[in-house]
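File shown: input_7.csv (CSV, C-alpha atoms and all ligand atoms).
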```
chain,number,residue,atom,x,y,z
A,734,MET,CA,105.3,52.8,-109.2
A,735,PRO,CA,108.4,50.8,-110.2
A,736,ARG,CA,109.7,48.4,-107.6
A,737,GLY,CA,111.8,50.4,-105.1
A,738,GLY,CA,111.2,53.5,-107.2
A,739,LYS,CA,110.5,56.9,-105.7
A,740,ARG,CA,107.0,58.2,-105.5
A,741,GLY,CA,107.4,60.8,-108.2
A,742,GLY,CA,109.5,58.5,-110.5
A,743,GLY,CA,112.7,59.4,-112.2
A,744,GLU,CA,116.2,60.1,-110.8
A,745,PRO,CA,116.3,62.0,-107.5
A,746,LYS,CA,117.5,65.5,-107.7
A,747,PRO,CA,120.3,66.9,-105.5
A,748,GLY,CA,118.7,68.0,-102.2
A,749,GLU,CA,115.5,66.1,-102.8
A,750,PRO,CA,114.3,65.0,-99.3
A,751,ILE,CA,114.1,61.3,-98.5
A,752,PRO,CA,110.3,61.2,-97.8
A,753,ASP,CA,109.8,61.8,-101.6
A,754,LEU,CA,112.0,58.8,-102.4
A,755,LEU,CA,110.3,56.3,-100.0
A,756,PRO,CA,108.2,53.7,-101.7
A,757,ASP,CA,104.4,53.7,-100.9
A,758,HIS,CA,104.6,50.3,-99.3
A,759,PRO,CA,108.2,50.0,-98.1
A,760,THR,CA,110.0,46.8,-97.5
A,761,LEU,CA,113.7,46.6,-96.5
A,762,GLU,CA,114.5,45.6,-100.1
A,763,THR,CA,112.6,48.4,-101.8
A,764,VAL,CA,113.9,51.0,-99.3
A,765,ARG,CA,117.4,49.8,-99.8
A,766,GLU,CA,117.0,50.2,-103.5
A,767,ALA,CA,115.5,53.7,-103.1
A,768,ALA,CA,118.4,54.7,-100.8
A,769,SER,CA,120.9,53.6,-103.4
A,770,THR,CA,120.2,56.8,-105.4
A,771,CYS,CA,119.8,59.2,-102.5
A,772,LYS,CA,121.0,62.7,-103.0
A,773,ALA,CA,119.4,64.3,-100.0
A,774,CYS,CA,122.7,65.8,-98.8
A,775,ASP,CA,126.0,66.3,-100.6
A,776,LEU,CA,127.7,63.2,-99.2
A,777,TYR,CA,126.6,61.1,-102.2
A,778,LYS,CA,129.2,63.0,-104.2
A,779,ARG,CA,132.1,61.6,-102.1
A,780,GLY,CA,131.0,58.2,-101.1
A,781,THR,CA,131.3,55.2,-103.5
A,782,GLN,CA,127.8,54.1,-102.7
A,783,THR,CA,125.0,54.2,-100.1
A,784,VAL,CA,125.7,51.7,-97.3
A,785,PHE,CA,122.3,50.6,-96.2
A,786,GLY,CA,121.7,48.5,-93.1
A,787,GLU,CA,122.0,44.7,-93.2
A,788,GLY,CA,120.5,41.8,-91.2
A,789,PRO,CA,117.4,39.8,-90.7
A,790,ARG,CA,114.1,41.6,-91.4
A,791,LYS,CA,112.7,40.7,-87.9
A,792,ALA,CA,116.0,41.0,-85.9
A,793,ALA,CA,115.4,41.4,-82.2
A,794,LEU,CA,118.5,43.5,-81.9
A,795,MET,CA,119.4,46.6,-84.0
A,796,LEU,CA,122.9,48.2,-83.7
A,797,VAL,CA,123.2,51.8,-85.0
A,798,GLY,CA,126.7,53.2,-85.7
A,799,GLU,CA,127.7,56.6,-87.1
A,800,GLN,CA,128.5,56.2,-90.8
A,801,PRO,CA,130.3,53.7,-93.0
A,802,GLY,CA,134.1,53.9,-92.9
A,803,ASP,CA,136.5,53.4,-95.8
A,804,ALA,CA,136.2,49.6,-95.9
A,805,GLU,CA,132.4,49.8,-95.7
A,806,ASP,CA,132.2,52.4,-98.4
A,807,LEU,CA,134.0,50.1,-100.8
A,808,ALA,CA,132.2,46.9,-99.7
A,809,GLY,CA,128.7,48.5,-99.5
A,810,GLN,CA,128.1,46.8,-96.1
A,811,PRO,CA,128.1,48.2,-92.6
A,812,PHE,CA,130.8,47.3,-90.0
A,813,VAL,CA,133.0,45.1,-92.2
A,814,GLY,CA,136.3,47.0,-91.5
A,815,PRO,CA,138.5,47.2,-88.4
A,816,ALA,CA,135.7,48.6,-86.2
A,817,GLY,CA,133.4,45.8,-87.5
A,818,ARG,CA,135.9,43.1,-86.6
A,819,LEU,CA,136.1,44.5,-83.1
A,820,LEU,CA,132.3,44.6,-82.9
A,821,ASP,CA,132.2,41.0,-84.0
A,822,ARG,CA,134.6,40.1,-81.2
A,823,GLY,CA,132.5,42.0,-78.7
A,824,LEU,CA,129.3,40.4,-79.8
A,825,GLU,CA,130.8,36.9,-79.7
A,826,GLU,CA,132.2,37.4,-76.2
A,827,ALA,CA,128.7,38.6,-75.1
A,828,GLY,CA,127.1,35.6,-76.6
A,829,ILE,CA,125.2,37.5,-79.4
A,830,ASP,CA,125.2,36.0,-82.9
A,831,ARG,CA,125.9,38.8,-85.4
A,832,GLY,CA,124.0,36.9,-88.0
A,833,LEU,CA,120.8,37.6,-86.1
A,834,VAL,CA,121.5,41.3,-85.6
A,835,TYR,CA,120.4,44.2,-87.9
A,836,VAL,CA,123.4,46.5,-88.2
A,837,THR,CA,123.1,50.0,-89.6
A,838,ASN,CA,124.3,53.6,-89.4
A,839,VAL,CA,122.8,57.1,-88.7
A,840,VAL,CA,124.4,58.3,-92.0
A,841,LYS,CA,124.5,56.1,-95.0
A,842,HIS,CA,127.4,57.6,-97.0
A,843,PHE,CA,131.1,57.8,-96.0
A,844,LYS,CA,132.2,61.3,-95.2
A,845,TRP,CA,135.9,61.7,-95.6
A,846,GLU,CA,138.8,64.2,-96.2
A,847,PRO,CA,141.8,63.4,-98.3
A,848,ARG,CA,145.1,63.0,-96.5
A,849,GLY,CA,147.8,62.1,-98.9
A,850,LYS,CA,146.5,58.9,-100.6
A,851,ARG,CA,144.3,58.1,-97.6
A,852,ARG,CA,140.6,58.9,-97.0
A,853,ILE,CA,140.2,60.1,-93.4
A,854,HIS,CA,136.9,59.8,-91.6
A,855,ALA,CA,135.2,63.2,-91.1
A,856,LYS,CA,132.3,63.6,-88.7
A,857,PRO,CA,128.9,64.1,-90.3
A,858,ASN,CA,127.2,67.4,-89.4
A,859,ALA,CA,123.7,68.1,-88.1
A,860,ALA,CA,122.3,68.8,-91.6
A,861,GLU,CA,123.7,65.5,-93.0
A,862,ILE,CA,122.4,63.5,-90.0
A,863,SER,CA,119.0,65.1,-90.3
A,864,ALA,CA,118.8,64.6,-94.1
A,865,CYS,CA,119.6,60.9,-93.7
A,866,ARG,CA,117.3,60.3,-90.7
A,867,PRO,CA,114.2,59.1,-92.6
A,868,TRP,CA,116.2,56.0,-93.9
A,869,LEU,CA,117.0,55.0,-90.3
A,870,GLU,CA,113.5,55.7,-89.1
A,871,THR,CA,112.1,53.5,-91.8
A,872,GLU,CA,114.6,50.7,-90.9
A,873,ILE,CA,113.5,50.9,-87.3
A,874,ALA,CA,109.8,50.9,-88.3
A,875,LEU,CA,110.2,47.9,-90.6
A,876,VAL,CA,112.5,45.8,-88.3
A,877,LYS,CA,110.8,46.7,-85.0
A,878,PRO,CA,113.7,45.6,-82.9
A,879,ARG,CA,113.1,44.7,-79.2
A,880,VAL,CA,116.5,46.1,-78.3
A,881,LEU,CA,118.2,49.1,-80.0
A,882,VAL,CA,121.8,50.0,-79.2
A,883,CYS,CA,123.5,53.2,-80.3
A,884,LEU,CA,127.2,52.7,-80.9
A,885,GLY,CA,129.0,56.0,-80.0
A,886,ALA,CA,128.1,59.6,-79.4
A,887,THR,CA,126.9,60.5,-82.9
A,888,ALA,CA,124.3,57.7,-82.9
A,889,ALA,CA,123.4,58.3,-79.2
A,890,GLN,CA,122.9,62.0,-79.6
A,891,ALA,CA,121.1,61.7,-82.9
A,892,LEU,CA,118.6,59.1,-81.4
A,893,LEU,CA,118.6,59.9,-77.7
A,894,GLY,CA,119.1,63.6,-77.7
A,895,LYS,CA,122.0,66.0,-77.4
A,896,SER,CA,122.0,65.8,-73.6
A,897,PHE,CA,122.8,62.0,-73.7
A,898,LYS,CA,126.4,61.4,-72.6
A,899,VAL,CA,127.8,58.0,-73.6
A,900,SER,CA,130.7,58.5,-71.1
A,901,ARG,CA,128.2,58.7,-68.2
A,902,GLN,CA,125.2,56.8,-69.4
A,903,ARG,CA,126.6,53.9,-71.4
A,904,GLY,CA,124.9,50.6,-70.7
A,905,GLU,CA,121.8,52.3,-69.2
A,906,PHE,CA,118.4,51.5,-70.7
A,907,VAL,CA,116.4,54.6,-71.5
A,908,ALA,CA,112.7,55.1,-72.2
A,909,SER,CA,112.1,55.6,-75.9
A,910,THR,CA,109.4,55.1,-78.5
A,911,MET,CA,111.9,53.5,-80.9
A,912,ALA,CA,112.0,50.1,-79.2
A,913,PRO,CA,111.1,48.5,-75.8
A,914,PHE,CA,114.8,48.5,-74.7
A,915,VAL,CA,117.1,51.3,-75.9
A,916,THR,CA,120.7,51.9,-74.8
A,917,ALA,CA,124.1,53.1,-75.9
A,918,THR,CA,127.7,52.1,-75.6
A,919,VAL,CA,130.9,53.4,-77.1
A,920,HIS,CA,131.8,53.1,-80.8
A,921,PRO,CA,134.1,50.2,-81.3
A,922,SER,CA,136.6,52.5,-83.2
A,923,SER,CA,137.1,54.4,-79.9
A,924,ILE,CA,138.5,51.1,-78.5
A,925,LEU,CA,140.9,50.9,-81.4
A,926,ARG,CA,142.0,54.5,-80.7
A,927,ALA,CA,142.7,53.9,-76.9
A,928,GLN,CA,146.3,54.5,-76.1
A,929,GLY,CA,148.3,51.4,-75.1
A,930,GLU,CA,147.5,47.7,-74.8
A,931,ASP,CA,146.2,48.0,-71.2
A,932,ALA,CA,143.8,50.8,-72.0
A,933,ARG,CA,142.6,48.9,-75.1
A,934,ARG,CA,142.0,45.8,-73.1
A,935,ALA,CA,140.1,47.7,-70.3
A,936,GLU,CA,137.9,49.5,-72.9
A,937,MET,CA,137.2,46.2,-74.6
A,938,ALA,CA,136.1,44.6,-71.3
A,939,ARG,CA,133.7,47.5,-70.6
A,940,PHE,CA,132.3,47.2,-74.2
A,941,ILE,CA,131.7,43.5,-73.7
A,942,ALA,CA,130.1,44.2,-70.3
A,943,ASP,CA,127.6,46.6,-72.0
A,944,LEU,CA,126.9,44.0,-74.7
A,945,LYS,CA,126.3,41.4,-72.0
A,946,LYS,CA,123.5,43.6,-70.6
A,947,VAL,CA,122.0,43.7,-74.1
A,948,ALA,CA,122.3,39.9,-74.2
A,949,VAL,CA,120.3,39.6,-71.0
A,950,GLN,CA,117.5,41.8,-72.4
A,951,LEU,CA,117.4,39.6,-75.5
A,952,ALA,CA,117.2,36.4,-73.5
A,953,GLY,CA,114.4,38.0,-71.5
A,954,SER,CA,112.5,38.9,-74.7
A,955,ARG,CA,113.0,35.4,-76.1
A,956,ARG,CA,111.5,33.9,-72.9
A,957,SER,CA,108.5,36.2,-73.2
A,958,GLY,CA,108.1,35.2,-76.9
A,959,GLY,CA,109.4,38.3,-78.7
A,960,GLY,CA,111.9,38.6,-81.6
A,961,SER,CA,114.2,36.3,-83.4
A,962,SER,CA,117.7,37.2,-82.1
B,1001,LIG,N1,131.9,52.9,-88.2
B,1001,LIG,C1,130.5,53.0,-88.2
B,1001,LIG,O1,130.0,53.8,-87.4
B,1001,LIG,N2,129.8,52.3,-89.0
B,1001,LIG,C2,130.4,51.4,-89.9
B,1001,LIG,O2,129.6,50.8,-90.6
B,1001,LIG,C3,131.8,51.3,-89.8
B,1001,LIG,C4,132.5,52.0,-89.0
```

Let me see the file written as C-alpha cells.
Ligand code: URA
Amino acid sequence: MPRGGKRGGGEPKPGEPIPDLLPDHPTLETVREAASTCKACDLYKRGTQTVFGEGPRKAALMLVGEQPGDAEDLAGQPFVGPAGRLLDRGLEEAGIDRGLVYVTNVVKHFKWEPRGKRRIHAKPNAAEISACRPWLETEIALVKPRVLVCLGATAAQALLGKSFKVSRQRGEFVASTMAPFVTATVHPSSILRAQGEDARRAEMARFIADLKKVAVQLAGSRRSGGGSS
C-alpha cells in the first residue's frame, strides 16, 4: 500500500467511510495524509482543506475542540485563530506549554454559511460528527494521552455522551476508556462571545481554573512517570 494511502488504493469516493481510508499500520503522519483526501461527509466540498490534529506524538495532554474555524481552514492548523489565541493565553496562565499538547477537533473540516463576504461558523450535525469520528479515535489511540480535555459542548457531547452538560460538569474528571483522566471545559470562543468586559474576564478566570486542574493531573502523571507534557 502506498505510504498513507487507503487500503483499497485510489481516490476516495464521496461518502466512503473513513475505516476504508485508514492505513493498515497507522502513524500520525500516514493518518494525516489519508485524512487529507477524506470525503466521508459533504464538508470537504466547502472547506479549503482537512485540518488534522497537531502536536507531539506522545503528548500527555490532548485537547479536542469542535471544528476548525475560518483562520484554521486557511492555515490548515487547529486553533490558530482568535479562539486559539485565547486558548494559548489560558494554557500559559495555567502553566501548560502548548508545544507539548496535542490539539485537535471532533470534525476536521470547516462548516460555514456565507454572510455577505464572510464565512460564518455553522454547527456540525450528528451525521458529520459521526462520519469524522474514526479520525479522532485513531488520534487518541496513537497519542494515548494521560489527560483528555473536551473544549465546549460539541466535543463533550460527542465524546462523553449527550447527557454531559458542560455548564454543570465543567472541570469534573469523568471515567472513560479514552484516557486515564478525561474532563471538559468551555470552548474558548464562548469567552470571546461573553457580553461585556467583566463577563469576559470572569469567564476567562473560570477557564484558567479548569485548565489549572488539568495541570495538576499532568504534574501528578509526570511524578508517576507517565507522558511527556
Ligand atoms: N474552534 C475549534 O473548535 N477548533 C479550532 O481549531 C478553532 C476554533

Which residue is closest to ligand LIG 1001 (chain B)? Choose from A:Cys883, A:Leu755, A:Cys774, A:Leu824 and count all atoms listed in the file. A:Cys883

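Atom pair CA of Pro789 in chain A / CA of Leu833 in chain A has a distance of 6.1 Å (rounded to one decimal).
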
Could you jot down the CA of Thr910 in chain A to CA of Gly885 in chain A separation for me, Å, one decimal place?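 Computing the Euclidean distance for CA of Thr910 in chain A and CA of Gly885 in chain A yields 19.7 Å.
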
For a quick check of understanding, using all atoms listed in the file, which of A:Thr871, A:Ala864, A:Arg901, A:Ala816 has the smallest distance to Arg926 in chain A?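 For Arg926 in chain A, the nearest of the given residues is A:Ala816.
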
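Of the residues listed (A:Arg879, A:Lys841, A:Arg852, A:Lys772), A:Arg879 shows the shortest atom-to-atom separation from Gln950 in chain A; distances use all atoms listed in the file.
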
One decimal, Å: what's the distance from CA of Leu893 in chain A over to CA of Phe906 in chain A, could you say? 10.9 Å

Find the spatial neighbours of Gly904 in chain A, counting only C-alpha atoms, within a cut-off of 10 Å - ignore same-chain residues fewer than 4 positions away - and output them as a count of residues only. 16

Closest atom pairs, chain A residues within 10 Å of ligand LIG 1001 (chain B), all atoms listed in the file, as a tab-separated table:
```
residue	atom	partner	partner_atom	distance
A:Val784	CA	B:LIG1001	O2	7.8
A:Phe785	CA	B:LIG1001	O2	9.2
A:Gly786	CA	B:LIG1001	O2	8.6
A:Leu796	CA	B:LIG1001	N2	9.6
A:Val797	CA	B:LIG1001	O1	7.5
A:Gly798	CA	B:LIG1001	O1	3.8
A:Glu799	CA	B:LIG1001	O1	3.6
A:Gln800	CA	B:LIG1001	O1	4.4
A:Pro801	CA	B:LIG1001	O2	3.8
A:Gly802	CA	B:LIG1001	C4	4.6
A:Asp803	CA	B:LIG1001	C3	7.9
A:Ala804	CA	B:LIG1001	C3	7.7
A:Glu805	CA	B:LIG1001	O2	5.9
A:Asp806	CA	B:LIG1001	O2	8.4
A:Gly809	CA	B:LIG1001	O2	9.2
A:Gln810	CA	B:LIG1001	O2	7.0
A:Pro811	CA	B:LIG1001	O2	3.6
A:Phe812	CA	B:LIG1001	O2	3.7
A:Val813	CA	B:LIG1001	C3	6.8
A:Gly814	CA	B:LIG1001	C3	6.5
A:Pro815	CA	B:LIG1001	C4	7.7
A:Ala816	CA	B:LIG1001	C4	5.4
A:Gly817	CA	B:LIG1001	C3	6.2
A:Arg818	CA	B:LIG1001	C3	9.7
A:Leu820	CA	B:LIG1001	C4	9.6
A:Val836	CA	B:LIG1001	O2	7.9
A:Thr837	CA	B:LIG1001	O2	6.6
A:Asn838	CA	B:LIG1001	N2	5.7
A:Val839	CA	B:LIG1001	O1	8.0
A:Val840	CA	B:LIG1001	O1	8.5
A:Lys841	CA	B:LIG1001	O2	8.6
A:His842	CA	B:LIG1001	O2	9.6
A:Phe843	CA	B:LIG1001	C2	8.9
A:His854	CA	B:LIG1001	N1	9.2
A:Cys883	CA	B:LIG1001	O1	9.6
A:Leu884	CA	B:LIG1001	O1	7.2
A:Gly885	CA	B:LIG1001	O1	7.8
A:Thr887	CA	B:LIG1001	O1	8.6
A:Ala888	CA	B:LIG1001	O1	8.2
A:His920	CA	B:LIG1001	O1	6.9
A:Pro921	CA	B:LIG1001	N1	7.7
A:Ser922	CA	B:LIG1001	N1	6.9
A:Ser923	CA	B:LIG1001	N1	9.9
```

Nearest to Thr763 in chain A: which of A:Ala935, A:Leu951, A:Ile862, A:Leu875 is it, counting all atoms listed in the file?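 Once distances to Thr763 in chain A are computed over all atoms listed in the file, the minimum belongs to A:Leu875.
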
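You can rank A:Ile941, A:Cys865, A:Leu776, A:Val907 by their closest distance to Leu754 in chain A using all atoms listed in the file, and at the top of that list sits A:Cys865.
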
Counting only C-alpha atoms, the residue of A:Cys771, A:Phe914, A:Pro759, A:Arg779 that sits nearest Ile853 in chain A: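 Nearest candidate to Ile853 in chain A out of A:Cys771, A:Phe914, A:Pro759, A:Arg779: A:Arg779.
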
Contacts of Met937 in chain A at 8 Å (all atoms listed in the file; same-chain gap of 4+ positions) as a PyMOL selection string: chain A and resi 823+924+933+941

Please rebuild range 751-782 of chain A with N, CA and C atoms and give the result as an mmCIF file, keeping the file's coordinate frame.
```cif
data_model
loop_
_atom_site.group_PDB
_atom_site.id
_atom_site.type_symbol
_atom_site.label_atom_id
_atom_site.label_comp_id
_atom_site.auth_asym_id
_atom_site.auth_seq_id
_atom_site.Cartn_x
_atom_site.Cartn_y
_atom_site.Cartn_z
ATOM 1 N N ILE A 751 114.336 62.719 -98.488
ATOM 2 C CA ILE A 751 114.100 61.300 -98.500
ATOM 3 C C ILE A 751 112.614 60.902 -98.562
ATOM 4 N N PRO A 752 111.739 61.579 -97.791
ATOM 5 C CA PRO A 752 110.300 61.200 -97.800
ATOM 6 C C PRO A 752 109.794 61.063 -99.269
ATOM 7 N N ASP A 753 110.299 61.889 -100.191
ATOM 8 C CA ASP A 753 109.800 61.800 -101.600
ATOM 9 C C ASP A 753 110.374 60.582 -102.299
ATOM 10 N N LEU A 754 111.415 59.954 -101.722
ATOM 11 C CA LEU A 754 112.000 58.800 -102.400
ATOM 12 C C LEU A 754 111.418 57.480 -101.826
ATOM 13 N N LEU A 755 110.748 57.577 -100.674
ATOM 14 C CA LEU A 755 110.300 56.300 -100.000
ATOM 15 C C LEU A 755 109.156 55.695 -100.824
ATOM 16 N N PRO A 756 109.242 54.379 -101.016
ATOM 17 C CA PRO A 756 108.200 53.700 -101.700
ATOM 18 C C PRO A 756 106.858 53.778 -100.900
ATOM 19 N N ASP A 757 105.726 53.642 -101.568
ATOM 20 C CA ASP A 757 104.400 53.700 -100.900
ATOM 21 C C ASP A 757 104.267 52.605 -99.859
ATOM 22 N N HIS A 758 104.714 51.409 -100.222
ATOM 23 C CA HIS A 758 104.600 50.300 -99.300
ATOM 24 C C HIS A 758 105.997 49.721 -99.072
ATOM 25 N N PRO A 759 106.731 50.376 -98.167
ATOM 26 C CA PRO A 759 108.200 50.000 -98.100
ATOM 27 C C PRO A 759 108.415 48.648 -97.497
ATOM 28 N N THR A 760 109.417 47.997 -98.046
ATOM 29 C CA THR A 760 110.000 46.800 -97.500
ATOM 30 C C THR A 760 111.491 47.095 -97.368
ATOM 31 N N LEU A 761 112.235 46.292 -96.622
ATOM 32 C CA LEU A 761 113.700 46.600 -96.500
ATOM 33 C C LEU A 761 114.317 46.579 -97.914
ATOM 34 N N GLU A 762 113.861 45.677 -98.780
ATOM 35 C CA GLU A 762 114.500 45.600 -100.100
ATOM 36 C C GLU A 762 114.181 46.814 -100.948
ATOM 37 N N THR A 763 112.911 47.256 -100.951
ATOM 38 C CA THR A 763 112.600 48.400 -101.800
ATOM 39 C C THR A 763 113.177 49.700 -101.229
ATOM 40 N N VAL A 764 113.266 49.773 -99.900
ATOM 41 C CA VAL A 764 113.900 51.000 -99.300
ATOM 42 C C VAL A 764 115.356 51.021 -99.561
ATOM 43 N N ARG A 765 116.002 49.856 -99.461
ATOM 44 C CA ARG A 765 117.400 49.800 -99.800
ATOM 45 C C ARG A 765 117.685 50.263 -101.216
ATOM 46 N N GLU A 766 116.824 49.810 -102.119
ATOM 47 C CA GLU A 766 117.000 50.200 -103.500
ATOM 48 C C GLU A 766 116.778 51.708 -103.698
ATOM 49 N N ALA A 767 115.761 52.236 -103.017
ATOM 50 C CA ALA A 767 115.500 53.700 -103.100
ATOM 51 C C ALA A 767 116.687 54.464 -102.533
ATOM 52 N N ALA A 768 117.257 53.967 -101.437
ATOM 53 C CA ALA A 768 118.400 54.700 -100.800
ATOM 54 C C ALA A 768 119.619 54.695 -101.658
ATOM 55 N N SER A 769 119.707 53.745 -102.578
ATOM 56 C CA SER A 769 120.900 53.600 -103.400
ATOM 57 C C SER A 769 121.126 54.839 -104.292
ATOM 58 N N THR A 770 120.060 55.607 -104.535
ATOM 59 C CA THR A 770 120.200 56.800 -105.400
ATOM 60 C C THR A 770 120.027 58.093 -104.628
ATOM 61 N N CYS A 771 120.078 57.993 -103.298
ATOM 62 C CA CYS A 771 119.800 59.200 -102.500
ATOM 63 C C CYS A 771 120.767 60.317 -102.707
ATOM 64 N N LYS A 772 120.202 61.520 -102.853
ATOM 65 C CA LYS A 772 121.000 62.700 -103.000
ATOM 66 C C LYS A 772 120.553 63.804 -102.009
ATOM 67 N N ALA A 773 119.975 63.335 -100.895
ATOM 68 C CA ALA A 773 119.400 64.300 -100.000
ATOM 69 C C ALA A 773 120.376 65.239 -99.329
ATOM 70 N N CYS A 774 121.632 64.824 -99.236
ATOM 71 C CA CYS A 774 122.700 65.800 -98.800
ATOM 72 C C CYS A 774 123.852 65.546 -99.799
ATOM 73 N N ASP A 775 124.920 66.317 -99.613
ATOM 74 C CA ASP A 775 126.000 66.300 -100.600
ATOM 75 C C ASP A 775 126.940 65.065 -100.470
ATOM 76 N N LEU A 776 126.740 64.254 -99.419
ATOM 77 C CA LEU A 776 127.700 63.200 -99.200
ATOM 78 C C LEU A 776 127.723 62.133 -100.327
ATOM 79 N N TYR A 777 126.647 62.057 -101.101
ATOM 80 C CA TYR A 777 126.600 61.100 -102.200
ATOM 81 C C TYR A 777 127.734 61.373 -103.230
ATOM 82 N N LYS A 778 128.195 62.639 -103.253
ATOM 83 C CA LYS A 778 129.200 63.000 -104.200
ATOM 84 C C LYS A 778 130.574 62.401 -103.894
ATOM 85 N N ARG A 779 130.783 62.117 -102.590
ATOM 86 C CA ARG A 779 132.100 61.600 -102.100
ATOM 87 C C ARG A 779 132.109 60.134 -101.916
ATOM 88 N N GLY A 780 131.001 59.591 -101.426
ATOM 89 C CA GLY A 780 131.000 58.200 -101.100
ATOM 90 C C GLY A 780 130.900 57.352 -102.396
ATOM 91 N N THR A 781 131.416 56.135 -102.331
ATOM 92 C CA THR A 781 131.300 55.200 -103.500
ATOM 93 C C THR A 781 129.893 54.800 -103.700
ATOM 94 N N GLN A 782 129.194 54.580 -102.598
ATOM 95 C CA GLN A 782 127.800 54.100 -102.700
ATOM 96 C C GLN A 782 127.109 54.292 -101.355
#
```
